[in-house]
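Coordinates as given in my_file-v3.cif (mmCIF, C-alpha atoms):
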data_structure
#
loop_
_atom_site.group_PDB
_atom_site.id
_atom_site.type_symbol
_atom_site.label_atom_id
_atom_site.label_comp_id
_atom_site.auth_asym_id
_atom_site.auth_seq_id
_atom_site.Cartn_x
_atom_site.Cartn_y
_atom_site.Cartn_z
ATOM 1 C CA MET A 871 -39.556 22.855 -75.739
ATOM 2 C CA MET A 872 -38.517 23.766 -72.199
ATOM 3 C CA PRO A 873 -34.895 24.986 -71.871
ATOM 4 C CA ALA A 874 -32.579 22.337 -70.413
ATOM 5 C CA THR A 875 -31.727 24.412 -67.335
ATOM 6 C CA GLN A 876 -35.393 25.009 -66.512
ATOM 7 C CA LEU A 877 -36.229 21.347 -67.096
ATOM 8 C CA SER A 878 -33.420 20.252 -64.769
ATOM 9 C CA ARG A 879 -34.428 22.759 -62.072
ATOM 10 C CA ARG A 880 -38.056 21.630 -62.138
ATOM 11 C CA ALA A 881 -37.038 17.978 -62.099
ATOM 12 C CA ARG A 882 -34.811 18.504 -59.063
ATOM 13 C CA LEU A 883 -37.652 20.270 -57.269
ATOM 14 C CA ARG A 884 -39.944 17.332 -57.981
ATOM 15 C CA GLN A 885 -37.198 14.930 -56.876
ATOM 16 C CA LYS A 886 -36.886 16.735 -53.545
ATOM 17 C CA VAL A 887 -40.615 17.119 -52.891
ATOM 18 C CA LEU A 888 -41.563 13.512 -53.693
ATOM 19 C CA ARG A 889 -38.278 11.756 -52.825
ATOM 20 C CA GLU A 890 -38.224 10.009 -56.176
ATOM 21 C CA PRO A 891 -35.134 9.127 -58.266
ATOM 22 C CA TYR A 892 -33.893 11.946 -60.465
ATOM 23 C CA GLN A 893 -34.389 10.075 -63.737
ATOM 24 C CA SER A 894 -38.015 9.381 -62.826
ATOM 25 C CA ALA A 895 -38.518 13.028 -61.854
ATOM 26 C CA LEU A 896 -36.937 14.157 -65.118
ATOM 27 C CA ARG A 897 -39.155 11.847 -67.178
ATOM 28 C CA GLU A 898 -42.315 13.043 -65.430
ATOM 29 C CA THR A 899 -41.250 16.684 -65.723
ATOM 30 C CA ARG A 900 -40.707 16.317 -69.471
ATOM 31 C CA ALA A 901 -44.275 15.041 -69.771
ATOM 32 C CA THR A 902 -45.674 17.988 -67.773
ATOM 33 C CA PRO A 903 -46.967 20.940 -69.818
ATOM 34 C CA PRO A 904 -44.961 24.181 -69.324
ATOM 35 C CA GLY A 905 -46.449 26.410 -66.653
ATOM 36 C CA SER A 906 -48.191 23.584 -64.803
ATOM 37 C CA PRO A 907 -47.253 22.621 -61.228
ATOM 38 C CA VAL A 908 -44.212 20.405 -60.799
ATOM 39 C CA VAL A 909 -46.253 18.090 -58.543
ATOM 40 C CA PRO A 910 -49.919 17.314 -59.317
ATOM 41 C CA ALA A 911 -52.271 19.177 -56.974
ATOM 42 C CA ALA A 912 -55.031 17.163 -55.325
ATOM 43 C CA THR A 913 -58.685 17.624 -56.176
ATOM 44 C CA THR A 914 -60.698 19.122 -53.335
ATOM 45 C CA ALA A 915 -62.271 15.781 -52.385
ATOM 46 C CA GLN A 916 -58.906 14.010 -52.487
ATOM 47 C CA ALA A 917 -57.233 16.741 -50.433
ATOM 48 C CA ILE A 918 -59.945 16.534 -47.771
ATOM 49 C CA LEU A 919 -59.441 12.760 -47.579
ATOM 50 C CA GLU A 920 -55.657 13.125 -47.247
ATOM 51 C CA GLY A 921 -56.069 15.827 -44.609
ATOM 52 C CA ALA A 922 -58.574 13.735 -42.639
ATOM 53 C CA ILE A 923 -56.251 10.712 -42.583
ATOM 54 C CA PHE A 924 -53.149 12.589 -41.478
ATOM 55 C CA SER A 925 -54.881 14.894 -39.010
ATOM 56 C CA GLY A 926 -56.412 11.708 -37.584
ATOM 57 C CA ILE A 927 -53.050 10.052 -36.923
ATOM 58 C CA ARG A 928 -51.506 13.410 -35.930
ATOM 59 C CA THR A 929 -48.184 12.866 -37.708
ATOM 60 C CA LEU A 930 -46.909 13.279 -41.266
ATOM 61 C CA HIS A 931 -43.645 11.437 -40.678
ATOM 62 C CA LEU A 932 -42.286 9.550 -37.685
ATOM 63 C CA PRO A 933 -39.512 7.049 -38.477
ATOM 64 C CA TYR A 934 -38.980 4.223 -36.035
ATOM 65 C CA HIS A 935 -35.740 5.667 -34.664
ATOM 66 C CA ALA A 936 -37.448 8.945 -33.692
ATOM 67 C CA ARG A 937 -39.313 9.778 -30.497
ATOM 68 C CA SER A 938 -42.820 11.101 -30.988
ATOM 69 C CA ARG A 939 -43.705 14.469 -29.518
ATOM 70 C CA LEU A 940 -47.266 13.085 -29.336
ATOM 71 C CA PRO A 941 -46.783 9.685 -27.646
ATOM 72 C CA ALA A 942 -50.395 9.321 -26.551
ATOM 73 C CA THR A 943 -51.768 9.655 -30.070
ATOM 74 C CA VAL A 944 -49.131 7.942 -32.214
ATOM 75 C CA PRO A 945 -48.976 4.268 -31.146
ATOM 76 C CA GLY A 946 -46.429 3.204 -33.758
ATOM 77 C CA TRP A 947 -44.310 4.890 -36.405
ATOM 78 C CA LEU A 948 -44.797 6.135 -39.939
ATOM 79 C CA ASP A 949 -41.574 6.306 -41.917
ATOM 80 C CA VAL A 950 -42.554 7.978 -45.202
ATOM 81 C CA GLN A 951 -40.052 7.110 -47.923
ATOM 82 C CA ARG A 952 -41.642 8.293 -51.171
ATOM 83 C CA LEU A 953 -44.797 9.948 -52.517
ATOM 84 C CA ARG A 954 -46.539 9.211 -55.827
ATOM 85 C CA PRO A 955 -49.315 11.794 -56.223
ATOM 86 C CA GLU A 956 -52.099 12.105 -58.767
ATOM 87 C CA PRO A 957 -54.991 14.589 -58.625
ATOM 88 C CA ALA A 958 -57.419 11.955 -57.258
ATOM 89 C CA HIS A 959 -55.002 9.440 -55.724
ATOM 90 C CA LEU A 960 -51.908 9.319 -53.536
ATOM 91 C CA ASP A 961 -49.469 6.440 -53.141
ATOM 92 C CA ILE A 962 -47.209 6.612 -50.090
ATOM 93 C CA GLU A 963 -44.296 4.238 -49.569
ATOM 94 C CA VAL A 964 -43.717 3.658 -45.857
ATOM 95 C CA GLY A 965 -41.319 1.595 -43.779
ATOM 96 C CA ARG A 966 -42.850 -1.568 -42.408
ATOM 97 C CA THR A 967 -41.950 -1.035 -38.737
ATOM 98 C CA GLY A 968 -44.845 0.393 -36.731
ATOM 99 C CA ALA A 969 -46.919 1.506 -39.725
ATOM 100 C CA ALA A 970 -49.808 -0.886 -39.057
ATOM 101 C CA GLN A 971 -50.180 0.292 -35.443
ATOM 102 C CA THR A 972 -50.200 3.949 -36.468
ATOM 103 C CA LEU A 973 -52.710 3.506 -39.290
ATOM 104 C CA ALA A 974 -54.896 1.335 -37.055
ATOM 105 C CA GLY A 975 -55.140 4.376 -34.792
ATOM 106 C CA LEU A 976 -57.381 6.014 -37.396
ATOM 107 C CA PHE A 977 -60.159 3.759 -36.164
ATOM 108 C CA ALA A 978 -59.300 3.772 -32.467
ATOM 109 C CA ASP A 979 -62.328 5.803 -31.391
ATOM 110 C CA TYR A 980 -64.668 3.253 -32.972
ATOM 111 C CA LEU A 981 -64.116 1.186 -29.829
ATOM 112 C CA GLU A 982 -67.198 2.846 -28.338
ATOM 113 C CA GLU A 983 -70.633 2.197 -29.740
ATOM 114 C CA PRO A 984 -71.952 4.969 -32.031
ATOM 115 C CA GLY A 985 -73.370 7.856 -30.040
ATOM 116 C CA ASN A 986 -71.196 7.310 -26.973
ATOM 117 C CA GLY A 987 -68.393 9.614 -28.066
ATOM 118 C CA PRO A 988 -66.752 11.439 -30.953
ATOM 119 C CA ILE A 989 -65.577 9.406 -33.930
ATOM 120 C CA ALA A 990 -62.093 10.120 -35.233
ATOM 121 C CA ALA A 991 -61.555 9.879 -39.006
ATOM 122 C CA ALA A 992 -65.306 9.625 -39.563
ATOM 123 C CA GLY A 993 -66.362 8.151 -42.888
ATOM 124 C CA ILE A 994 -62.963 6.645 -43.708
ATOM 125 C CA ARG A 995 -62.728 2.988 -44.685
ATOM 126 C CA MET A 996 -59.887 0.643 -45.621
ATOM 127 C CA ARG A 997 -59.503 -2.036 -48.280
ATOM 128 C CA ASP A 998 -56.769 -4.174 -49.785
ATOM 129 C CA SER A 999 -55.217 -2.774 -52.953
ATOM 130 C CA ARG A 1000 -52.638 -5.054 -54.541
ATOM 131 C CA GLY A 1001 -51.251 -6.010 -51.151
ATOM 132 C CA ALA A 1002 -51.276 -2.465 -49.772
ATOM 133 C CA ALA A 1003 -53.586 -0.773 -47.262
ATOM 134 C CA GLU A 1004 -55.784 1.734 -49.098
ATOM 135 C CA PHE A 1005 -58.053 4.264 -47.373
ATOM 136 C CA PHE A 1006 -61.119 5.815 -49.014
ATOM 137 C CA ARG A 1007 -64.542 7.336 -48.382
ATOM 138 C CA PRO A 1008 -67.601 5.307 -49.400
ATOM 139 C CA GLY A 1009 -69.376 6.977 -52.287
ATOM 140 C CA HIS A 1010 -66.429 9.229 -53.141
ATOM 141 C CA SER A 1011 -63.663 8.948 -55.697
ATOM 142 C CA GLY A 1012 -60.044 9.135 -54.600
ATOM 143 C CA ALA A 1013 -57.893 7.081 -52.249
ATOM 144 C CA VAL A 1014 -54.668 7.036 -50.255
ATOM 145 C CA ARG A 1015 -52.630 3.841 -50.594
ATOM 146 C CA PHE A 1016 -49.849 2.954 -48.137
ATOM 147 C CA ARG A 1017 -47.290 0.691 -49.793
ATOM 148 C CA GLY A 1018 -45.204 -1.306 -47.318
ATOM 149 C CA VAL A 1019 -48.075 -2.343 -45.053
ATOM 150 C CA SER A 1020 -51.053 -4.544 -45.883
ATOM 151 C CA ALA A 1021 -54.707 -4.024 -45.043
ATOM 152 C CA ALA A 1022 -54.631 -7.322 -43.120
ATOM 153 C CA GLU A 1023 -51.796 -6.053 -40.907
ATOM 154 C CA VAL A 1024 -53.621 -2.787 -40.167
ATOM 155 C CA LEU A 1025 -56.851 -4.652 -39.428
ATOM 156 C CA SER A 1026 -55.052 -7.051 -37.086
ATOM 157 C CA ALA A 1027 -53.519 -4.124 -35.192
ATOM 158 C CA HIS A 1028 -56.907 -2.424 -35.046
ATOM 159 C CA ARG A 1029 -58.663 -5.445 -33.575
ATOM 160 C CA VAL A 1030 -56.326 -5.349 -30.600
ATOM 161 C CA VAL A 1031 -58.318 -2.339 -29.340
ATOM 162 C CA CYS A 1032 -61.615 -2.742 -31.194
ATOM 163 C CA PRO A 1033 -63.617 -5.970 -31.500
ATOM 164 C CA HIS A 1034 -65.303 -6.648 -34.831
ATOM 165 C CA SER A 1035 -68.742 -6.424 -33.205
ATOM 166 C CA THR A 1036 -68.347 -2.737 -32.300
ATOM 167 C CA CYS A 1037 -66.253 -1.428 -35.205
ATOM 168 C CA ILE A 1038 -68.139 0.811 -37.611
ATOM 169 C CA ALA A 1039 -65.365 0.423 -40.172
ATOM 170 C CA GLU A 1040 -66.085 -3.312 -40.309
ATOM 171 C CA THR A 1041 -69.828 -3.467 -39.681
ATOM 172 C CA SER A 1042 -70.503 -0.724 -42.284
ATOM 173 C CA PRO A 1043 -67.627 -1.096 -44.756
ATOM 174 C CA HIS A 1044 -69.401 0.593 -47.668
ATOM 175 C CA VAL A 1045 -71.746 3.060 -45.962
ATOM 176 C CA ILE A 1046 -71.151 6.195 -43.883
ATOM 177 C CA THR A 1047 -73.380 5.859 -40.833
ATOM 178 C CA VAL A 1048 -75.626 8.517 -39.320
ATOM 179 C CA ALA A 1049 -73.443 8.550 -36.190
ATOM 180 C CA GLU A 1050 -70.396 9.457 -38.278
ATOM 181 C CA GLN A 1051 -72.196 12.366 -39.883
ATOM 182 C CA PHE A 1052 -72.833 14.027 -36.530
ATOM 183 C CA HIS A 1053 -70.027 12.820 -34.245
ATOM 184 C CA THR A 1054 -66.651 13.617 -35.711
ATOM 185 C CA THR A 1055 -63.437 15.211 -34.523
ATOM 186 C CA HIS A 1056 -62.310 16.326 -37.979
ATOM 187 C CA PRO A 1057 -60.964 19.860 -38.322
ATOM 188 C CA ALA A 1058 -62.737 22.144 -40.799
ATOM 189 C CA ASP A 1059 -62.325 21.353 -44.487
ATOM 190 C CA ARG A 1060 -60.040 24.358 -45.018
ATOM 191 C CA ALA A 1061 -57.704 22.948 -42.389
ATOM 192 C CA LEU A 1062 -57.751 19.517 -44.030
ATOM 193 C CA LEU A 1063 -56.824 21.136 -47.346
ATOM 194 C CA ALA A 1064 -53.821 22.718 -45.612
ATOM 195 C CA VAL A 1065 -52.666 19.369 -44.210
ATOM 196 C CA SER A 1066 -52.924 17.770 -47.650
ATOM 197 C CA SER A 1067 -50.878 20.575 -49.174
ATOM 198 C CA ALA A 1068 -48.181 20.079 -46.526
ATOM 199 C CA LEU A 1069 -48.226 16.326 -47.118
ATOM 200 C CA ARG A 1070 -47.591 16.804 -50.835
ATOM 201 C CA ARG A 1071 -44.548 18.927 -49.903
ATOM 202 C CA LEU A 1072 -43.229 16.460 -47.337
ATOM 203 C CA GLY A 1073 -39.935 15.742 -49.065
ATOM 204 C CA ILE A 1074 -38.830 19.341 -48.516
ATOM 205 C CA PHE A 1075 -38.562 18.589 -44.793
ATOM 206 C CA LEU A 1076 -37.149 15.092 -45.266
ATOM 207 C CA ALA A 1077 -34.371 16.387 -47.533
ATOM 208 C CA LEU A 1078 -32.868 18.109 -44.493
ATOM 209 C CA GLY A 1079 -33.258 15.074 -42.238
ATOM 210 C CA ALA A 1080 -36.490 15.798 -40.354
ATOM 211 C CA THR A 1081 -36.815 13.269 -37.537
ATOM 212 C CA SER A 1082 -40.521 13.854 -36.888
ATOM 213 C CA ILE A 1083 -43.253 16.011 -38.387
ATOM 214 C CA ASP A 1084 -46.429 16.329 -36.329
ATOM 215 C CA THR A 1085 -49.662 18.212 -36.967
ATOM 216 C CA TRP A 1086 -52.683 19.357 -34.953
ATOM 217 C CA ASP A 1087 -55.388 22.036 -34.898
ATOM 218 C CA TRP A 1088 -54.344 25.629 -34.357
ATOM 219 C CA ILE A 1089 -57.320 27.066 -32.510
ATOM 220 C CA ILE A 1090 -56.279 30.684 -32.096
ATOM 221 C CA PRO A 1091 -58.552 33.554 -33.225
ATOM 222 C CA PRO A 1092 -58.924 34.995 -35.799
ATOM 223 C CA THR A 1093 -58.020 31.778 -37.674
ATOM 224 C CA PRO A 1094 -59.750 28.955 -35.782
ATOM 225 C CA ASP A 1095 -59.409 26.545 -38.707
ATOM 226 C CA GLY A 1096 -55.619 26.695 -38.956
ATOM 227 C CA MET A 1097 -53.142 23.850 -38.486
ATOM 228 C CA VAL A 1098 -49.769 23.543 -36.795
ATOM 229 C CA ILE A 1099 -46.930 21.724 -38.572
ATOM 230 C CA GLU A 1100 -44.083 21.010 -36.159
ATOM 231 C CA ALA A 1101 -40.876 19.582 -37.649
ATOM 232 C CA TRP A 1102 -37.812 18.463 -35.698
ATOM 233 C CA PHE A 1103 -34.283 18.200 -37.126
ATOM 234 C CA PRO A 1104 -30.929 16.993 -35.742
ATOM 235 C CA SER A 1105 -29.591 20.454 -36.575
ATOM 236 C CA MET A 1106 -31.038 23.546 -38.213
ATOM 237 C CA THR A 1107 -29.089 26.545 -39.475
ATOM 238 C CA VAL A 1108 -30.555 29.877 -40.478
ATOM 239 C CA SER A 1109 -29.650 29.075 -44.074
ATOM 240 C CA GLU A 1110 -31.534 25.778 -43.891
ATOM 241 C CA GLN A 1111 -34.596 27.516 -42.423
ATOM 242 C CA GLU A 1112 -34.542 29.933 -45.345
ATOM 243 C CA GLN A 1113 -34.105 27.061 -47.782
ATOM 244 C CA ILE A 1114 -37.159 25.237 -46.397
ATOM 245 C CA LEU A 1115 -39.318 28.362 -46.524
ATOM 246 C CA GLU A 1116 -38.189 29.281 -50.029
ATOM 247 C CA THR A 1117 -38.961 25.805 -51.373
ATOM 248 C CA LEU A 1118 -42.309 25.548 -49.581
ATOM 249 C CA CYS A 1119 -43.315 28.852 -51.184
ATOM 250 C CA SER A 1120 -42.133 27.959 -54.699
ATOM 251 C CA THR A 1121 -44.541 29.262 -57.342
ATOM 252 C CA GLU A 1122 -43.987 25.991 -59.236
ATOM 253 C CA LEU A 1123 -45.956 24.116 -56.576
ATOM 254 C CA SER A 1124 -49.729 24.257 -56.199
ATOM 255 C CA PRO A 1125 -51.490 25.596 -54.226
ATOM 256 C CA VAL A 1126 -49.066 28.468 -53.704
ATOM 257 C CA TRP A 1127 -47.868 29.197 -50.157
ATOM 258 C CA SER A 1128 -46.623 32.558 -48.885
ATOM 259 C CA ILE A 1129 -45.168 33.806 -45.602
ATOM 260 C CA ASP A 1130 -47.678 36.026 -43.838
ATOM 261 C CA GLN A 1131 -45.822 36.767 -40.606
ATOM 262 C CA THR A 1132 -43.323 35.454 -38.085
ATOM 263 C CA TRP A 1133 -43.862 35.109 -34.345
ATOM 264 C CA PRO A 1134 -40.747 35.447 -32.177
ATOM 265 C CA ARG A 1135 -40.228 32.827 -29.473
ATOM 266 C CA GLY A 1136 -39.098 33.503 -25.938
ATOM 267 C CA LYS A 1137 -36.020 31.276 -25.984
ATOM 268 C CA ARG A 1138 -32.753 32.891 -26.968
ATOM 269 C CA ASN A 1139 -31.674 32.234 -30.570
ATOM 270 C CA ALA A 1140 -34.728 30.002 -31.104
ATOM 271 C CA PRO A 1141 -36.230 30.141 -34.610
ATOM 272 C CA PRO A 1142 -39.561 31.956 -34.798
ATOM 273 C CA TYR A 1143 -42.895 30.427 -35.707
ATOM 274 C CA TYR A 1144 -43.886 31.143 -39.305
ATOM 275 C CA VAL A 1145 -47.484 31.755 -40.353
ATOM 276 C CA LEU A 1146 -47.943 30.579 -43.933
ATOM 277 C CA THR A 1147 -51.006 31.362 -46.019
ATOM 278 C CA ILE A 1148 -52.243 28.952 -48.671
ATOM 279 C CA GLU A 1149 -54.502 29.683 -51.610
ATOM 280 C CA GLY A 1150 -57.983 28.379 -50.795
ATOM 281 C CA ALA A 1151 -56.975 26.723 -47.510
ATOM 282 C CA ALA A 1152 -56.415 27.505 -43.846
ATOM 283 C CA ASP A 1153 -53.204 29.040 -42.561
ATOM 284 C CA ILE A 1154 -50.358 26.892 -41.289
ATOM 285 C CA GLN A 1155 -48.258 27.798 -38.285
ATOM 286 C CA LEU A 1156 -44.886 26.246 -39.097
ATOM 287 C CA ARG A 1157 -42.541 25.404 -36.229
ATOM 288 C CA LEU A 1158 -38.978 24.287 -36.988
ATOM 289 C CA PHE A 1159 -37.049 22.820 -34.070
ATOM 290 C CA GLN A 1160 -33.593 21.434 -33.482
ATOM 291 C CA SER A 1161 -33.470 18.248 -31.394
#
What's the structure tokens form of this structure?
Amino acid sequence: MMPATQLSRRARLRQKVLREPYQSALRETRATPPGSPVVPAATTAQAILEGAIFSGIRTLHLPYHARSRLPATVPGWLDVQRLRPEPAHLDIEVGRTGAAQTLAGLFADYLEEPGNGPIAAAGIRMRDSRGAAEFFRPGHSGAVRFRGVSAAEVLSAHRVVCPHSTCIAETSPHVITVAEQFHTTHPADRALLAVSSALRRLGIFLALGATSIDTWDWIIPPTPDGMVIEAWFPSMTVSEQEQILETLCSTELSPVWSIDQTWPRGKRNAPPYYVLTIEGAADIQLRLFQS
């Protein structure tokens, strides 16, 4: 049996990472074999799906009271309130305001007929799942379900910019088209794995009041498949920076992260950029800002 202090520490880590009630975290931690990750790691296929969805909408968290640093690519908001992860599934509770508009943006580039331009979030489809909007890949296991917004609401928001007659997601709901196989703006799979890993650690940022968390490709040699995670906070002390980094790199989370290097910034007293390496995935350049 796990010592009480270790059990409590692991449960509080899970509570922070997933934003779940402590008693729920404690119950799940008791059921987890000793030595296993506190939070279930995604399968490769599931992680690629999660990474494709969130790199497509360009934000991991954007509550309605925050201002996006990417206004042209985030049409609404996405207020993430809780995560429920399994190896081949992820449930995400989101606030209702603006979520449909943001998720509808996954299909925005389907406005053009296939072949006339790149297709964002290629191969991703949506269905209703017990009143929630659930995204999946035809022919693949795994899914990401957004509780708090329905598939009908996302579809309605999507049709504002994309008529049914030209939308691949609606005309081919169960098949990935040839156009999608060759015209996509997805980052490399290693980068998508990194985004998924950050997503499953999201509560670490939210615990300190992150007001927005954006992500995009980091195309800088020698790591062209890296990703940027940019988090903004009302305030950020050196101690809080260290706390975030320490928790992100906890060996009780999987895959394991580690700090590779720091890049100083030109502004006086500004926190540096941190380059974090991830087992089996692309690097992440982490940027922590104070609003």
Chain and number of each residue from the PyMOL selection byres ((chain A and resi 944-961) around 6), as an MDAnalysis selection string: chainID A and resid 888:889 910:913 916 931:934 941:943 962:965 968:969 971:972 1012:1015
Work out how far apart CA of Ser1067 (chain A) and CA of Arg1007 (chain A) are and give it in Å to one decimal.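 Atom-to-atom, CA of Ser1067 (chain A) and CA of Arg1007 (chain A) are spaced 19.0 Å apart.
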Evaluate the PyMOL selection byres ((chain A and resi 1152) around 8) on the structure here and hand back the selected residues as a list in words. Arg1060, Ala1061, Leu1063, Ala1064, Thr1093, Asp1095, Gly1096, Met1097, Thr1147, Ile1148, Gly1150, Ala1151, Asp1153 and Ile1154 of chain A
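When all atoms listed in the file are used to compute distances to Gly921 (chain A), the closest of the residues A:Thr875, A:Gln893, A:Ser1066, A:Gln1113 turns out to be A:Ser1066.
Closest approach to Pro904 (chain A) from the set A:Ala992, A:Gln876, A:Leu930, A:Ile918 is made by A:Gln876, with distances taken over all atoms listed in the file.
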CA of Arg1000 (chain A) to CA of Glu1023 (chain A), straight-line distance in Å: 13.7 Å
Between CA of Gly975 (chain A) and CA of Ala1058 (chain A), what is the spacing in Å? 20.2 Å
Looking at A:Ala895, A:Val908, A:Ala1021, A:Val887, which one is nearest to Glu1122 (chain A), with distances taken over all atoms listed in the file? A:Val908
Could you write out as lines of an AutoDock Vina configuration file the box around region 958-975 of chain A (axis-aligned, all atoms listed in the file, 8 Å on each side), with centre and edge lengths in Å to one decimal?
center_x = -49.4
center_y = 5.2
center_z = -46.0
size_x = 32.1
size_y = 29.5
size_z = 38.5
If I put a ball of radius 10 Å at (-67.5, 0.4, -45.4) in the file's coordinates, which residues poke into it when counting all atoms listed in the file, written as a VMD selection string? chain A and resid 993 to 997 1006 to 1009 1038 to 1047
With only C-alpha atoms counted, which protein, DNA or RNA residues have an atom no more than 10 Å from (-30.2, 21.8, -41.0) in the file frame? Please answer as a VMD selection string. chain A and resid 1075 1077 to 1080 1102 to 1111 1113 to 1114 1158 to 1160
Pick out the closest residue to Thr914 (chain A) from this set: A:Ser1120, A:Pro1057, A:Val1024, A:His1010. Count all atoms listed in the file. A:His1010
Ground truth for the PyMOL selection byres ((chain A and resi 1131) around 7), written as a ChimeraX atom specification: /A:1129-1130,1132-1133,1144-1145
For Gly926 (chain A), the nearest of the candidates A:Ile1099, A:Ser1128, A:Leu976, A:Asp1059, counting all atoms listed in the file: A:Leu976
